[in-house]
Structure formats: structure tokens, C-alpha cells
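Asker: Pasting a structure here, questions to come.
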Amino acid sequence: MNEASRTKTVRMRIEGRVQGVWFRAWTAEEAMKRGVRGWVRNRRDGSVEAQFSGPSQNVDEMVEACKKGPPHAVVQGVIAAEAEDDNEPGFRTLPTV
């Protein structure tokens with residue numbers, strides 16, 4: 001199996017000015033464009049958390065896109081780590097935690 005077709009799951013924490021700037025809606029739109037499953041949610045500490053599952057190349061593209069974010073976001077820090085796929089279909093926006 002080549003790298004592009006390998007499935008990968010990554011969980012991210014994005015910090016900075018990332019709430020109130022359409023980050024979650026933008027993330028869901030970008031993930032769906034790339035055929036990536038997972039979820040996104042705000043955290044009470046002001047960060048955004050997301051999980052992406054799908055073809056390795058597409059997940060890597062989402063990680064890179066989140067380092068910049070939508071036009072009004074100011075991303076100051078990103079933590080990304082491999083995670084366990086929850087095998088849920090589609091891409092969801094979850095409640096704040």
C-alpha cells in the first residue's frame with residue numbers, strides 16, 4: 001500500500017484567535033472537500049480541537065490548512081498527534097468541552 005492510500009487519524013489542538021472567526025465551519029467545509037472524516041469543537045480554554053481520519057495525504061493537507069485557518073483566525077500554536085479512528089461517518093461539529 002502506498003503512502004497516499006494509507007489511512008491516518010490525527011487529533012489537533014489549535015490555539016490563538018480561533019473562536020468567533022468561523023474556524024469550526026471552515027474546518028468542516030475543508031474536511032468535506034478533502035473527503036476527510038472526523039469532528040471539530042471549541043474548548044472552554046479558547047482553543048479549537050479537531051480530529052481528522054482518511055487518506056494520509058488528505059489528513060496531512062488538513063493539518064497544514066489548520067496551521068493557517070480561515071481568513072480572520074490568528075493561529076498561534078498547533079499540537080497534532082496520531083489518534084485512534086472513531087470510525088464515525090462524515091464530519092461533525094461537536095459541542096464545546
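Naming works like this for the C-alpha cells: A, B, ... for the chains as they're shown, residue 1 at the start of each chain, ligands 1 onward in shown order.
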For range 22-38 of chain A, find every residue with an atom within 9 Å (counting only C-alpha atoms), except residues of its own chain fewer than 6 positions away, and show them as a PDB file with C-alpha atoms, in the first residue's frame.
Answerer:
ATOM      1  CA  THR A   9      -6.045   9.673  12.059  1.00  0.00           C
ATOM      2  CA  VAL A  48     -10.278  24.513  18.935  1.00  0.00           C
ATOM      3  CA  ALA A  50     -10.310  18.585  15.789  1.00  0.00           C
ATOM      4  CA  GLN A  51      -9.848  15.014  14.676  1.00  0.00           C
ATOM      5  CA  PHE A  52      -9.283  14.008  11.056  1.00  0.00           C
ATOM      6  CA  SER A  53      -9.386  10.482   9.583  1.00  0.00           C
ATOM      7  CA  GLY A  54      -8.876   9.487   5.993  1.00  0.00           C
ATOM      8  CA  PRO A  55      -6.244   9.018   3.322  1.00  0.00           C
ATOM      9  CA  ASN A  58      -5.693  14.355   2.742  1.00  0.00           C
ATOM     10  CA  VAL A  59      -5.252  14.322   6.530  1.00  0.00           C
ATOM     11  CA  GLU A  61      -3.393  18.638   3.985  1.00  0.00           C
ATOM     12  CA  MET A  62      -5.963  19.330   6.733  1.00  0.00           C
ATOM     13  CA  ALA A  65      -4.575  24.068   6.459  1.00  0.00           C
ATOM     14  CA  CYS A  66      -5.381  24.328  10.192  1.00  0.00           C
ATOM     15  CA  GLY A  69      -7.039  28.650   9.427  1.00  0.00           C
ATOM     16  CA  PRO A  70      -9.764  30.824   7.910  1.00  0.00           C
ATOM     17  CA  HIS A  72      -9.924  36.074  10.360  1.00  0.00           C
ATOM     18  CA  ALA A  73      -8.164  33.486  12.520  1.00  0.00           C
ATOM     19  CA  ASP A  85     -10.050   6.397  14.483  1.00  0.00           C
ATOM     20  CA  ASP A  86     -13.570   6.550  15.964  1.00  0.00           C
ATOM     21  CA  ASN A  87     -14.958   5.064  12.687  1.00  0.00           C
ATOM     22  CA  GLU A  88     -17.876   7.518  12.658  1.00  0.00           C
ATOM     23  CA  PRO A  89     -19.069   8.531   9.178  1.00  0.00           C
ATOM     24  CA  GLY A  90     -18.877  12.094   7.863  1.00  0.00           C
ATOM     25  CA  PHE A  91     -17.554  15.220   9.543  1.00  0.00           C
ATOM     26  CA  ARG A  92     -19.301  16.659  12.614  1.00  0.00           C
ATOM     27  CA  THR A  93     -19.256  19.779  14.755  1.00  0.00           C
TER      28      THR A  93
END
Asker: What are the DSSP strand (DSSP E) residues of chain A, as number ranges by chain?
Answerer: A: 7-17, 37-42, 48-55, 74-82, 91-93
Asker: Quick check, in Å to one decimal: how far apart do CA of Arg13 in chain A and CA of Glu64 in chain A lie?
Answerer: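 According to the coordinates, CA of Arg13 in chain A and CA of Glu64 in chain A are separated by 12.7 Å.
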Asker: DSSP on the backbone: which residues in chain A end up as alpha helix (DSSP H)? Give the answer as a PyMOL selection string.
Answerer: chain A and resi 23-33+56-66
Asker: Please indicate the distance in Å from CA of Glu15 in chain A to CA of Ser47 in chain A, rounded to one decimal place.
Answerer: 4.7 Å
Asker: Out of A:Thr96, A:Thr7, A:Gln57, A:Gln76, which residue has the shortest atom-to-atom distance to Trp39 in chain A when counting only C-alpha atoms?
Answerer: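 The closest residue to Trp39 in chain A is A:Thr96.
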Asker: Between CA of Lys8 in chain A and CA of Ser56 in chain A, what distance in Å does the model show, to one decimal?
Answerer: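 Going from CA of Lys8 in chain A over to CA of Ser56 in chain A, I get 5.0 Å.
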Asker: Given the choices A:Val40, A:Leu94, A:Ala83, A:Val21, which gets closest to Pro71 in chain A if the distance is worked out from only C-alpha atoms?
Answerer: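 So, comparing all the options, the nearest one is A:Val21.
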